[in-house]
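Enquirer: my_file.cif is reproduced in full below (mmCIF, C-alpha atoms).
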data_model
loop_
_atom_site.label_atom_id
_atom_site.label_comp_id
_atom_site.auth_asym_id
_atom_site.auth_seq_id
_atom_site.Cartn_x
_atom_site.Cartn_y
_atom_site.Cartn_z
CA MET A 12 95.34 88.76 90.43
CA ASN A 13 93.21 85.60 90.41
CA LEU A 14 94.38 83.69 93.48
CA ASN A 15 92.51 80.58 92.38
CA LYS A 16 94.90 80.25 89.41
CA ILE A 17 98.45 79.20 90.28
CA ASP A 18 100.79 80.80 87.75
CA GLY A 19 103.85 78.57 87.86
CA SER A 20 105.09 74.99 87.92
CA TYR A 21 104.34 74.17 91.56
CA ILE A 22 100.93 72.58 91.14
CA LEU A 23 100.24 70.66 94.32
CA GLU A 24 98.31 67.88 92.61
CA SER A 25 101.17 67.18 90.17
CA PHE A 26 103.61 66.71 93.04
CA SER A 27 101.50 64.22 94.98
CA GLU A 28 98.15 62.47 94.82
CA ASN A 29 97.96 62.92 98.59
CA LYS A 30 98.11 66.54 99.80
CA ASP A 31 98.88 65.56 103.37
CA SER A 32 101.78 63.46 102.14
CA GLU A 33 103.14 66.48 100.25
CA VAL A 34 102.90 68.61 103.40
CA THR A 35 104.94 65.97 105.23
CA ARG A 36 107.55 65.99 102.45
CA LEU A 37 107.82 69.77 102.70
CA LYS A 38 108.32 69.51 106.46
CA TYR A 39 111.27 67.14 106.12
CA GLN A 40 112.65 69.18 103.24
CA VAL A 41 112.92 72.11 105.67
CA GLU A 42 114.23 70.05 108.58
CA LEU A 43 116.97 68.49 106.46
CA PHE A 44 118.72 71.84 105.88
CA TYR A 45 117.34 74.09 108.62
CA GLN A 46 120.26 74.39 111.06
CA ARG A 47 122.74 75.14 108.27
CA GLU A 48 120.30 77.59 106.69
CA LEU A 49 119.73 79.48 109.94
CA GLU A 50 123.47 79.86 110.50
CA LEU A 51 123.81 81.24 106.98
CA TYR A 52 120.83 83.61 107.40
CA LYS A 53 122.51 85.05 110.51
CA LYS A 54 125.78 85.42 108.62
CA ILE A 55 123.94 87.32 105.88
CA GLY A 56 122.38 89.64 108.44
CA LEU A 57 119.28 88.11 110.06
CA LYS A 58 118.86 89.28 113.67
CA ASP A 59 116.28 88.85 116.36
CA GLY A 60 113.77 91.70 116.36
CA MET A 61 113.75 92.19 112.58
CA LYS A 62 110.70 92.37 110.34
CA ILE A 63 110.91 89.33 108.10
CA VAL A 64 108.79 87.96 105.25
CA GLU A 65 108.86 84.54 103.64
CA CYS A 66 107.54 84.56 100.08
CA GLY A 67 106.08 81.23 99.05
CA SER A 68 105.92 79.89 102.59
CA GLY A 69 104.02 76.68 101.82
CA PRO A 70 102.81 75.10 105.08
CA GLY A 71 105.04 77.46 107.08
CA PHE A 72 107.62 75.11 108.57
CA LEU A 73 110.59 77.40 107.85
CA ILE A 74 109.00 80.58 109.18
CA SER A 75 107.76 78.69 112.26
CA ASN A 76 111.30 77.52 113.03
CA ILE A 77 112.74 81.00 112.57
CA VAL A 78 110.30 82.73 114.92
CA ARG A 79 110.82 79.93 117.44
CA ASP A 80 114.57 80.58 117.43
CA LEU A 81 114.28 84.38 117.03
CA PRO A 82 111.14 85.11 119.07
CA ASN A 83 111.30 88.91 118.83
CA CYS A 84 111.00 88.94 115.04
CA THR A 85 107.81 90.21 113.42
CA ALA A 86 107.08 87.77 110.61
CA THR A 87 104.79 87.52 107.61
CA ALA A 88 104.21 84.33 105.60
CA LEU A 89 103.08 84.81 102.00
CA GLU A 90 101.46 81.94 100.07
CA ILE A 91 99.24 81.68 96.98
CA ASN A 92 98.05 78.07 97.07
CA PRO A 93 94.62 77.99 98.82
CA PHE A 94 95.15 74.59 100.44
CA LEU A 95 98.59 75.53 101.76
CA VAL A 96 97.23 78.85 103.03
CA GLU A 97 94.81 76.96 105.25
CA VAL A 98 97.63 74.76 106.59
CA LEU A 99 99.70 77.90 107.05
CA LYS A 100 96.97 79.53 109.12
CA GLU A 101 96.79 76.46 111.38
CA ASN A 102 100.58 76.53 111.88
CA SER A 103 100.65 80.27 112.53
CA THR A 104 99.18 79.87 116.01
CA ILE A 105 100.37 77.69 118.89
CA ASN A 106 98.49 77.57 122.21
CA GLY A 107 96.62 80.70 121.25
CA LYS A 108 99.82 82.64 120.51
CA LYS A 109 100.17 84.20 117.05
CA LEU A 110 103.60 83.34 115.65
CA PHE A 111 103.33 85.13 112.30
CA GLU A 112 100.85 86.83 110.01
CA VAL A 113 99.52 84.97 106.97
CA LYS A 114 99.04 86.73 103.64
CA HIS A 115 97.16 84.99 100.82
CA ALA A 116 98.78 86.66 97.81
CA SER A 117 101.18 86.19 94.92
CA ILE A 118 104.89 86.97 95.03
CA TYR A 119 104.22 89.10 91.94
CA GLU A 120 101.68 91.26 93.80
CA THR A 121 102.20 90.83 97.53
CA GLU A 122 99.97 93.79 98.53
CA LEU A 123 102.45 94.38 101.37
CA ALA A 124 103.79 97.76 102.50
CA GLU A 125 106.64 99.37 100.59
CA ASN A 126 110.08 99.75 102.25
CA TYR A 127 108.93 97.78 105.29
CA TYR A 128 110.83 94.52 105.76
CA ASP A 129 114.41 94.01 106.94
CA PHE A 130 114.80 90.47 105.65
CA ALA A 131 113.01 88.50 102.90
CA ILE A 132 113.31 84.78 102.15
CA ALA A 133 112.12 82.79 99.14
CA ARG A 134 112.87 79.11 99.62
CA LEU A 135 112.59 76.74 96.62
CA VAL A 136 110.12 79.11 94.98
CA PHE A 137 111.91 80.67 92.00
CA GLU A 138 112.41 77.40 90.16
CA HIS A 139 108.61 77.35 89.74
CA LEU A 140 108.08 80.93 88.53
CA LYS A 141 107.36 82.03 84.97
CA GLU A 142 108.47 85.63 85.67
CA PRO A 143 111.32 85.58 88.20
CA ALA A 144 112.43 89.15 87.44
CA LYS A 145 108.95 90.46 88.24
CA ALA A 146 109.02 88.61 91.57
CA ILE A 147 112.45 90.02 92.48
CA ALA A 148 111.27 93.54 91.66
CA GLU A 149 108.27 93.10 93.98
CA VAL A 150 110.43 91.81 96.83
CA ARG A 151 112.77 94.76 96.32
CA ARG A 152 109.77 97.08 96.64
CA ILE A 153 108.73 95.75 100.06
CA LEU A 154 112.27 95.68 101.49
CA LYS A 155 113.76 98.63 103.34
CA PRO A 156 116.87 100.23 101.82
CA GLY A 157 119.66 98.00 103.11
CA GLY A 158 117.22 95.10 103.52
CA LYS A 159 118.43 91.62 102.62
CA PHE A 160 116.85 89.16 100.19
CA VAL A 161 117.83 85.49 100.43
CA LEU A 162 116.84 82.95 97.77
CA ILE A 163 117.30 79.26 98.48
CA SER A 164 117.23 77.41 95.20
CA ASN A 165 117.87 74.17 93.41
CA ASP A 166 119.70 73.77 90.17
CA PHE A 167 118.81 70.26 89.14
CA ALA A 168 121.96 69.77 87.10
CA TYR A 169 123.28 69.23 90.67
CA HIS A 170 120.81 66.85 92.23
CA LEU A 171 120.79 64.21 94.94
CA LEU A 172 123.82 61.89 94.77
CA THR A 173 124.28 58.47 96.32
CA TYR A 174 126.83 55.81 97.07
CA PRO A 175 126.49 53.22 95.68
CA ALA A 176 125.42 55.24 92.63
CA ILE A 177 121.86 54.84 91.34
CA PRO A 178 121.91 55.48 87.55
CA GLU A 179 118.12 55.81 87.39
CA LEU A 180 118.32 58.98 89.49
CA ASP A 181 119.72 60.80 86.45
CA GLU A 182 116.73 59.70 84.37
CA MET A 183 114.30 60.64 87.11
CA TYR A 184 115.74 64.14 87.53
CA THR A 185 115.83 64.66 83.75
CA ALA A 186 112.15 63.75 83.68
CA TYR A 187 111.51 66.15 86.56
CA ILE A 188 113.33 68.97 84.73
CA ASN A 189 111.29 68.39 81.57
CA SER A 190 108.06 68.28 83.53
CA ARG A 191 108.72 71.57 85.32
CA PHE A 192 109.79 73.29 82.10
CA SER A 193 106.55 72.14 80.45
CA GLU A 194 104.60 73.88 83.23
CA GLY A 195 106.49 77.17 82.96
CA GLY A 196 109.10 76.64 85.66
CA ASN A 197 112.89 76.60 85.45
CA PRO A 198 114.51 73.88 87.59
CA LEU A 199 117.95 75.07 86.42
CA ILE A 200 117.47 78.65 87.66
CA GLY A 201 120.00 78.42 90.52
CA ARG A 202 122.85 79.47 88.21
CA GLN A 203 120.88 82.49 86.94
CA LEU A 204 119.79 84.02 90.23
CA PRO A 205 122.91 86.12 90.99
CA GLY A 206 122.57 87.77 87.58
CA LEU A 207 118.84 88.36 88.07
CA LEU A 208 119.45 90.03 91.45
CA LYS A 209 122.12 92.24 89.91
CA LYS A 210 119.81 93.21 87.05
CA GLU A 211 117.10 94.17 89.54
CA LYS A 212 119.52 96.57 91.31
CA PHE A 213 120.53 94.51 94.35
CA ASP A 214 123.99 95.10 95.84
CA ASN A 215 126.45 92.86 97.75
CA ILE A 216 125.31 89.77 95.86
CA ASN A 217 126.73 86.53 97.21
CA ILE A 218 126.29 82.82 96.61
CA GLU A 219 126.85 79.95 99.01
CA ILE A 220 126.23 76.22 98.82
CA ILE A 221 124.97 74.27 101.81
CA CYS A 222 125.29 70.49 101.82
CA VAL A 223 123.74 67.68 103.83
CA HIS A 224 125.01 64.12 104.15
CA SER A 225 123.23 61.04 105.41
CA GLY A 226 126.26 60.15 107.53
CA LEU A 227 125.61 63.34 109.51
CA GLU A 228 121.86 63.86 109.26
CA GLY A 229 120.73 60.24 109.17
CA ASP A 230 118.58 58.57 106.51
CA LYS A 231 115.06 59.45 107.67
CA ALA A 232 114.97 63.09 106.59
CA PHE A 233 116.38 62.21 103.17
CA VAL A 234 113.82 59.48 102.59
CA LYS A 235 110.91 61.67 103.67
CA ALA A 236 112.14 64.67 101.67
CA GLU A 237 112.42 62.57 98.48
CA ASN A 238 108.81 61.39 98.45
CA VAL A 239 108.20 58.77 95.74
CA ASN A 240 104.88 60.44 94.88
CA ILE A 241 106.75 62.95 92.69
CA SER A 242 108.24 60.12 90.61
CA LYS A 243 104.83 58.45 90.36
CA SER A 244 103.39 61.70 89.01
CA LEU A 245 106.19 61.87 86.42
CA VAL A 246 105.21 58.39 85.21
CA LYS A 247 101.54 59.34 85.10
CA GLU A 248 102.36 62.46 83.05
CA GLY A 249 104.50 60.48 80.60
CA PHE A 250 107.87 62.00 81.51
CA LEU A 251 109.30 58.87 83.15
CA LYS A 252 109.01 55.22 82.16
CA LYS A 253 107.30 52.93 84.64
CA GLU A 254 110.17 50.44 84.31
CA THR A 255 112.69 53.14 85.24
CA LEU A 256 110.74 54.01 88.39
CA GLU A 257 110.54 50.36 89.43
CA SER A 258 114.28 49.93 88.89
CA LEU A 259 114.93 53.17 90.80
CA ILE A 260 112.89 52.01 93.80
CA GLU A 261 114.60 48.60 93.77
CA ASN A 262 118.09 50.18 93.72
CA TRP A 263 117.01 52.72 96.35
CA TYR A 264 116.02 49.79 98.61
CA LYS A 265 119.34 48.00 97.94
CA LEU A 266 121.21 51.17 98.81
CA PHE A 267 120.07 50.96 102.43
CA GLN A 268 121.34 47.41 102.70
CA GLN A 269 124.86 48.72 102.26
CA PRO A 270 126.36 49.66 105.65
CA ASP A 271 128.53 52.41 104.13
CA HIS A 272 125.83 53.94 101.92
CA VAL A 273 125.70 57.70 101.35
CA ILE A 274 123.00 60.18 100.34
CA PHE A 275 124.27 63.66 99.53
CA ARG A 276 122.31 66.81 98.67
CA GLN A 277 123.03 70.51 98.20
CA LEU A 278 121.15 73.80 97.92
CA PHE A 279 122.23 77.16 96.52
CA VAL A 280 121.80 80.20 98.75
CA ILE A 281 121.91 83.50 96.86
CA SER A 282 121.64 86.79 98.73
CA GLY A 283 121.59 90.48 97.91
CA MET A 284 120.95 93.83 99.58
CA LYS A 285 118.52 96.50 98.46
CA SER A 286 120.66 99.50 97.61
CA LEU A 287 120.90 102.31 100.16
CA ASN A 288 121.26 104.85 97.34
CA PRO A 289 118.83 105.86 94.60
CA VAL A 290 119.46 104.05 91.33
CA VAL A 291 121.20 106.27 88.80
CA GLU A 292 119.83 105.48 85.35
CA ASN A 293 121.58 108.15 83.27
CA ILE A 294 125.24 107.30 82.77
CA LYS A 295 127.42 109.74 80.85
CA VAL A 296 129.55 108.11 78.18
CA ASP A 297 133.15 109.26 78.02
CA GLU A 298 134.00 110.81 74.61
CA ASN A 299 137.38 109.05 74.65
CA ASP A 300 135.60 105.72 75.01
CA LEU A 301 133.44 106.57 71.99
CA GLN A 302 136.54 107.39 69.95
CA ILE A 303 138.07 104.05 70.90
CA LEU A 304 134.89 102.26 69.86
CA ASN A 305 134.95 104.04 66.50
CA THR A 306 138.52 102.87 65.80
CA LEU A 307 137.38 99.31 66.44
CA SER A 308 134.78 99.49 63.68
CA LEU A 309 135.86 98.07 60.32
CA ASN A 310 134.51 95.64 57.75
CA ILE A 311 135.27 94.35 54.30
CA ASP A 312 133.45 97.19 52.51
CA ASP A 313 135.78 99.72 54.16
CA ILE A 314 138.85 98.27 52.47
CA LYS A 315 137.61 97.20 49.03
CA SER A 316 138.61 100.48 47.31
CA LEU A 317 142.11 100.62 48.86
CA THR A 318 145.37 99.48 47.30
CA SER A 319 146.93 96.23 48.51
CA SER A 320 149.46 97.99 50.72
CA GLU A 321 146.74 100.27 52.14
CA GLN A 322 144.55 97.25 52.86
CA GLU A 323 147.34 95.51 54.76
CA ALA A 324 148.15 98.63 56.77
CA LYS A 325 144.49 99.29 57.57
CA LEU A 326 143.84 95.72 58.65
CA SER A 327 147.07 95.52 60.66
CA SER A 328 146.21 98.68 62.61
CA TYR A 329 142.64 97.47 63.15
CA PHE A 330 143.53 93.97 64.41
CA ILE A 331 146.30 95.21 66.71
CA LYS A 332 143.74 97.45 68.44
CA ARG A 333 141.06 94.78 68.35
CA VAL A 334 143.21 92.01 69.82
CA SER A 335 144.54 94.39 72.49
CA SER A 336 140.92 95.24 73.38
CA ILE A 337 139.86 91.57 73.48
CA LEU A 338 142.82 90.72 75.73
CA GLU A 339 142.02 93.82 77.85
CA GLN A 340 145.58 95.09 77.46
CA LYS A 341 145.35 98.51 75.80
CA ASN A 342 149.11 99.11 75.91
CA LEU A 343 150.07 95.67 74.64
CA ASP A 344 153.15 95.76 72.37
CA LEU A 345 151.67 93.51 69.69
CA ASN A 346 153.79 92.56 66.69
CA PRO A 347 151.49 91.41 63.84
CA ASP A 348 153.95 88.61 62.99
CA THR A 349 153.95 87.16 66.51
CA LYS A 350 151.84 84.06 67.08
CA LEU A 351 148.82 84.94 69.19
CA ASN A 352 149.33 81.98 71.53
CA LEU A 353 152.46 83.71 72.82
CA PHE A 354 150.17 86.41 74.24
CA ASP A 355 148.27 83.80 76.29
CA ILE A 356 145.06 84.19 74.30
CA ASP A 357 142.31 82.08 75.86
CA SER A 358 139.49 80.12 74.21
CA ILE A 359 136.83 82.81 74.71
CA ALA A 360 139.08 85.52 73.24
CA ALA A 361 139.90 83.22 70.30
CA ALA A 362 136.19 82.53 69.73
CA GLU A 363 135.45 86.26 69.76
CA LEU A 364 138.21 86.97 67.26
CA SER A 365 137.04 84.12 65.00
CA SER A 366 133.48 85.51 65.13
CA ILE A 367 134.66 89.02 64.16
CA VAL A 368 136.66 87.73 61.18
CA LYS A 369 133.68 85.69 60.00
CA SER A 370 130.97 88.34 60.46
CA ASP A 371 132.87 91.48 59.36
CA PHE A 372 135.19 90.05 56.72
CA GLN A 373 133.26 86.97 55.49
CA THR A 374 136.33 84.82 56.16
CA GLY A 375 136.26 81.53 58.03
CA ILE A 376 139.00 80.88 60.55
CA SER A 377 139.04 78.11 63.13
CA ILE A 378 139.36 78.83 66.83
CA SER A 379 142.01 76.14 67.16
CA ASP A 380 144.19 77.84 64.49
CA ILE A 381 144.03 81.11 66.46
CA LEU A 382 144.92 79.31 69.67
CA GLN A 383 147.75 77.25 68.21
CA LYS A 384 149.52 78.89 65.27
CA PHE A 385 148.05 82.09 63.80
CA SER A 386 149.42 85.61 64.00
CA ILE A 387 147.57 88.79 63.05
CA ASN A 388 149.32 88.77 59.69
CA ASP A 389 148.14 85.19 59.08
CA ILE A 390 144.57 86.37 59.65
CA ILE A 391 145.07 89.38 57.36
CA LYS A 392 146.47 87.10 54.64
CA LEU A 393 143.32 84.96 54.73
CA ILE A 394 141.04 88.01 54.59
CA LEU A 395 142.88 89.47 51.58
CA GLU A 396 142.89 86.12 49.79
CA LYS A 397 139.14 85.92 50.30
CA LEU A 398 138.69 89.51 49.11
CA ASN A 399 140.81 89.00 46.00
CA THR A 400 139.04 85.73 45.18
CA ASN A 401 135.68 87.51 45.34
CA SER A 402 137.00 90.35 43.17
CA THR A 403 138.23 87.86 40.53
CA ASP A 404 134.88 86.11 40.52
CA MET A 405 133.17 89.46 39.89
CA THR A 406 135.20 89.98 36.68
CA LYS A 407 133.84 86.67 35.42
CA SER A 408 130.21 87.65 35.86
CA PRO A 409 127.47 86.47 33.47
CA ASP A 410 127.44 89.92 31.81
CA ASN A 411 130.96 89.18 30.43
CA ASN A 412 130.21 85.62 29.36
CA SER A 413 131.00 85.75 25.62
CA GLY A 414 130.49 82.00 25.32
CA SER A 415 126.87 82.45 26.33
CA HIS A 416 126.32 85.13 23.68
CA TRP A 417 128.01 82.97 20.99
CA LEU A 418 125.68 80.09 21.81
CA GLU A 419 122.69 82.38 21.59
CA GLY A 420 123.95 83.65 18.21
CA LYS A 421 124.35 80.11 16.84
CA LEU A 422 120.87 79.29 17.94
#
Written as C-alpha cells, how would this file's structure read?
Expert:
Amino acid sequence: MNLNKIDGSYILESFSENKDSEVTRLKYQVELFYQRELELYKKIGLKDGMKIVECGSGPGFLISNIVRDLPNCTATALEINPFLVEVLKENSTINGKKLFEVKHASIYETELAENYYDFAIARLVFEHLKEPAKAIAEVRRILKPGGKFVLISNDFAYHLLTYPAIPELDEMYTAYINSRFSEGGNPLIGRQLPGLLKKEKFDNINIEIICVHSGLEGDKAFVKAENVNISKSLVKEGFLKKETLESLIENWYKLFQQPDHVIFRQLFVISGMKSLNPVVENIKVDENDLQILNTLSLNIDDIKSLTSSEQEAKLSSYFIKRVSSILEQKNLDLNPDTKLNLFDIDSIAAAELSSIVKSDFQTGISISDILQKFSINDIIKLILEKLNTNSTDMTKSPDNNSGSHWLEGKL
C-alpha cells in the first residue's frame, strides 16, 4: 500500500492550515474524555500487562496516557499520516525510555502479527474510512481469540450542544458532514458500528455513551478541542458560508459571557470480542422451516384460475399464516374478520403487510388502514376486487373492439 496516499477523509491539511495547531486540538480532544474512557476500557477488559494496539494513533496522546497509567502494557501505535508518524515517534520516548512501538502502516494492512494483541483501540478513526469492514477484518486478524476491540466514534447527528443554544452549530456540523462524505468518510457511522462488528464475526458486542460537560470539565478543553480552523476550512472548501461562521464565532463568544453557560459533548464506545471458537459457515436449514416458507409463498397468478370461493379460501389461509409470521406468533388464533389492530399490530408489521399486498397482489393498501380498521377479510376483498376489475378489462381488449372494425369498414 502507498503510504504517501491517505485513503480516507482525514486529510490533515483540510482540518487545519496549521499542523501544529491540529496536533494541539487532538491533544485536548483526548484529554477531554480520557478519564471516562480509561474507566470504560477497564470495564471492557483492559488490564495492566496486556499487549495493546491503537490503530490510527495520530500524535499518540491516548496511547501515551494508557501506558503511563498501565506501565506494564506492551503497546503499539499504528498511524498512516507521515507528519503524524514523526510526531508519534517523538512522543513514544520520554527521558530515553521507550513507551510504545510506532508502526507506519494502514489499518487496512497493518503488517502486524496475527493472533497477537489482547486489546485494540481505534479512536475517531472509522468515521474517516472508505472501507470500514476491511479495517475491522484486519483488526480481527491481529487480535488473539478472546481479544477485545474498542471503537470510539462520533455520530454527528449527535454533536456538541450548548446553553444558550447556538443555531449556527447545526449549520456548521451539516457542512462538516457533507465535507467528510465528499472525501469518502462517514461522519454518521457511529450507529452502524455494532452491526459491522457483528458482520465481521465479533461476539459480546456492546455500546456505551460517554458524556462530558463544561460544568464538570471546565471550558478550556472544549474550546481547544473545537478548533475554529476546521470551520475555516469548511468555508474555504465552499461547504459553509462565511457569514454563518462569523455569526457562529460571535454567538460562541457571547456564550461565555453567560455565567450559567453549558457545553455538552458525547462519544459512542462500541466494543466486541474476537470469538474463541472457529466460525461455522455451513448452517443446515431445517426442512420444517423450508416447508413453512413454502406455505408463505403466494401471488396473484396462483389464484387467477380458481373459483371465487377457492380464491377466498386460499387467500384467507395464506394471510392467516402470513400475519401470524409477521407478528411472530405461530399459534395465534386469528379470525379473518377480526380487526388487525386488536392483535396489537405495530407500524413495521403493518408496513410489511402493506408491501406484500402491493408487490404480490398488485393492490394498494395504506398502512394507516391496516393499523386502524382493516381485517384480513377486508384485505382479501380489496385483492379480489382488483383481480376482478383486471379480468373485466381483459374482456374489453382491442381485439374485441367491434366499433374499431366498423370504423375501418366505413373508411
Enquirer: Name the residues in contact with region 260-272 of chain A at a cut-off of 12 Å, using all atoms listed in the file, excluding same-chain residues fewer than 2 positions from it; report them as a PyMOL selection string.
Expert: chain A and resi 172-180+183+224-226+229-231+233-234+237-240+242-243+253-258+274-275
Enquirer: What would the selection look like, as an MDAnalysis selection string, if the PyMOL selection byres ((chain A and resi 85-91) around 9) were run on the coordinates I just shared?
Expert: chainID A and resid 14:17 60:71 74 78 82:84 92:96 99 103 110:118 121
Enquirer: So, with all atoms listed in the file as the atoms that count, which of A:Pro205, A:Lys210, A:Ile221, A:Ser358 lies closest to Leu49 (chain A)?
Expert: A:Ile221
Enquirer: Counting all atoms listed in the file, which residue out of A:Ile220, A:Arg333, A:Gln277, A:Ser190 sits closest to Val246 (chain A)?
Expert: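 The shortest atom-to-atom distance to Val246 (chain A) comes from A:Ser190.
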Enquirer: To one decimal in Å, tell me the separation between CA of Leu73 (chain A) and CA of Leu37 (chain A).
Expert: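 Between CA of Leu73 (chain A) and CA of Leu37 (chain A) the gap works out to 9.6 Å.
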Enquirer: Name the residues that the PyMOL selection byres ((chain A and resi 313-317) around 12) pulls out of this structure, and write them as a list of chain:residue names.
Expert: A:Ser308, A:Leu309, A:Asn310, A:Ile311, A:Asp312, A:Thr318, A:Ser319, A:Ser320, A:Glu321, A:Gln322, A:Glu323, A:Ala324, A:Lys325, A:Leu326, A:Ser327, A:Tyr329, A:Asp371, A:Phe372, A:Ile391, A:Ile394, A:Leu395, A:Lys397, A:Leu398, A:Asn399, A:Asn401, A:Ser402
Enquirer: When you count all atoms listed in the file, which of these residues is closest to Ile55 (chain A): A:Asn288, A:Ser193, A:Ser244, A:Asn217?
Expert: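 Under the stated criterion, the closest residue is A:Asn217.
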Enquirer: A:Leu204, A:Ile387, A:Leu199, A:Met284: which is nearest Ala131 (chain A), counting all atoms listed in the file?
Expert: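 Under the stated criterion, the closest residue is A:Met284.
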Enquirer: Could you tell me, as a list in words, exactly which residues end up selected when the PyMOL selection byres ((chain A and resi 31-36) around 7) is applied to this structure?
Expert: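 Evaluating the PyMOL selection byres ((chain A and resi 31-36) around 7) on this file yields Ser27, Asn29, Lys30, Leu37, Lys38, Tyr39, Gln40, Pro70, Lys235, Ala236 and Asn238 of chain A.
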Enquirer: For a quick check of understanding, using only C-alpha atoms, which of A:Asn388, A:Asn215, A:Asn102, A:Asn189 has the smallest distance to Gly157 (chain A)?
Expert: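 Of the candidates, the smallest distance to Gly157 (chain A) is held by A:Asn215.
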Enquirer: What does the structure give for the distance between CA of Lys141 (chain A) and CA of Leu251 (chain A), in Å to one decimal?
Expert: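 Atom-to-atom, CA of Lys141 (chain A) and CA of Leu251 (chain A) are spaced 23.3 Å apart.
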Enquirer: Let me make sure I understand: among A:Ile359, A:Leu351, A:Leu278, A:Val223, which one has the smallest atom-to-atom distance to Ile390 (chain A) if we use only C-alpha atoms?
Expert: A:Leu351
Enquirer: Counting all atoms listed in the file, find residues at most 12 Å from (111.0, 89.7, 93.3) (file frame) and give them as number ranges by chain.
Expert: A: 65-67, 117-121, 131-133, 136-137, 140-154, 160-162, 204, 207-213, 283, 285
Enquirer: Would you give the centre and edge lengths, in Å to one decimal, of a box along x, y and z around the listed atoms of region 109-115 of chain A, with 6 Å added to each side, as JSON?
Expert:
{"center_x": 100.4, "center_y": 85.1, "center_z": 108.9, "size_x": 18.4, "size_y": 15.5, "size_z": 28.2}
Enquirer: Mind pulling up the distance from CA of Asp357 (chain A) to CA of Ile381 (chain A)?
Expert: 9.6 Å
Enquirer: I'd like the contact shell of Pro198 (chain A) - 6 Å cut-off, all atoms listed in the file, skipping same-chain residues fewer than 2 positions apart - returned as a compact mmCIF listing (two decimals) with C-alpha atoms, keeping the file's coordinate frame.
Expert:
# COMPACT_ATOMS: atom_id res chain seq x y z
CA GLU A 138 112.41 77.40 90.16
CA ASP A 166 119.70 73.77 90.17
CA PHE A 167 118.81 70.26 89.14
CA ILE A 188 113.33 68.97 84.73
CA ILE A 200 117.47 78.65 87.66
Enquirer: Can you complete the atoms of region 125-140 of chain A to N, CA and C atoms and list them as an mmCIF file, keeping the file's coordinate frame?
Expert:
data_model
loop_
_atom_site.group_PDB
_atom_site.id
_atom_site.type_symbol
_atom_site.label_atom_id
_atom_site.label_comp_id
_atom_site.auth_asym_id
_atom_site.auth_seq_id
_atom_site.Cartn_x
_atom_site.Cartn_y
_atom_site.Cartn_z
ATOM 1 N N GLU A 125 105.362 99.060 101.230
ATOM 2 C CA GLU A 125 106.640 99.370 100.590
ATOM 3 C C GLU A 125 107.690 99.746 101.633
ATOM 4 N N ASN A 126 108.955 99.385 101.376
ATOM 5 C CA ASN A 126 110.080 99.750 102.250
ATOM 6 C C ASN A 126 109.833 99.372 103.711
ATOM 7 N N TYR A 127 109.352 98.158 103.937
ATOM 8 C CA TYR A 127 108.930 97.780 105.290
ATOM 9 C C TYR A 127 109.796 96.696 105.928
ATOM 10 N N TYR A 128 110.180 95.693 105.176
ATOM 11 C CA TYR A 128 110.830 94.520 105.760
ATOM 12 C C TYR A 128 112.348 94.639 105.776
ATOM 13 N N ASP A 129 112.948 94.046 106.820
ATOM 14 C CA ASP A 129 114.410 94.010 106.940
ATOM 15 C C ASP A 129 115.015 92.817 106.222
ATOM 16 N N PHE A 130 114.240 91.734 106.135
ATOM 17 C CA PHE A 130 114.800 90.470 105.650
ATOM 18 C C PHE A 130 113.699 89.697 104.930
ATOM 19 N N ALA A 131 113.984 89.277 103.694
ATOM 20 C CA ALA A 131 113.010 88.500 102.900
ATOM 21 C C ALA A 131 113.645 87.182 102.490
ATOM 22 N N ILE A 132 112.848 86.117 102.519
ATOM 23 C CA ILE A 132 113.310 84.780 102.150
ATOM 24 C C ILE A 132 112.353 84.202 101.117
ATOM 25 N N ALA A 133 112.916 83.583 100.097
ATOM 26 C CA ALA A 133 112.120 82.790 99.140
ATOM 27 C C ALA A 133 112.836 81.445 99.007
ATOM 28 N N ARG A 134 112.222 80.427 99.557
ATOM 29 C CA ARG A 134 112.870 79.110 99.620
ATOM 30 C C ARG A 134 112.239 78.147 98.616
ATOM 31 N N LEU A 135 113.024 77.696 97.630
ATOM 32 C CA LEU A 135 112.590 76.740 96.620
ATOM 33 C C LEU A 135 111.305 77.207 95.928
ATOM 34 N N VAL A 136 111.275 78.490 95.630
ATOM 35 C CA VAL A 136 110.120 79.110 94.980
ATOM 36 C C VAL A 136 110.455 79.484 93.531
ATOM 37 N N PHE A 137 111.620 80.071 93.312
ATOM 38 C CA PHE A 137 111.910 80.670 92.000
ATOM 39 C C PHE A 137 112.050 79.654 90.886
ATOM 40 N N GLU A 138 112.343 78.414 91.207
ATOM 41 C CA GLU A 138 112.410 77.400 90.160
ATOM 42 C C GLU A 138 111.035 77.106 89.556
ATOM 43 N N HIS A 139 109.976 77.587 90.213
ATOM 44 C CA HIS A 139 108.610 77.350 89.740
ATOM 45 C C HIS A 139 107.983 78.570 89.065
ATOM 46 N N LEU A 140 108.691 79.688 89.002
ATOM 47 C CA LEU A 140 108.080 80.930 88.530
ATOM 48 C C LEU A 140 108.295 81.150 87.032
#
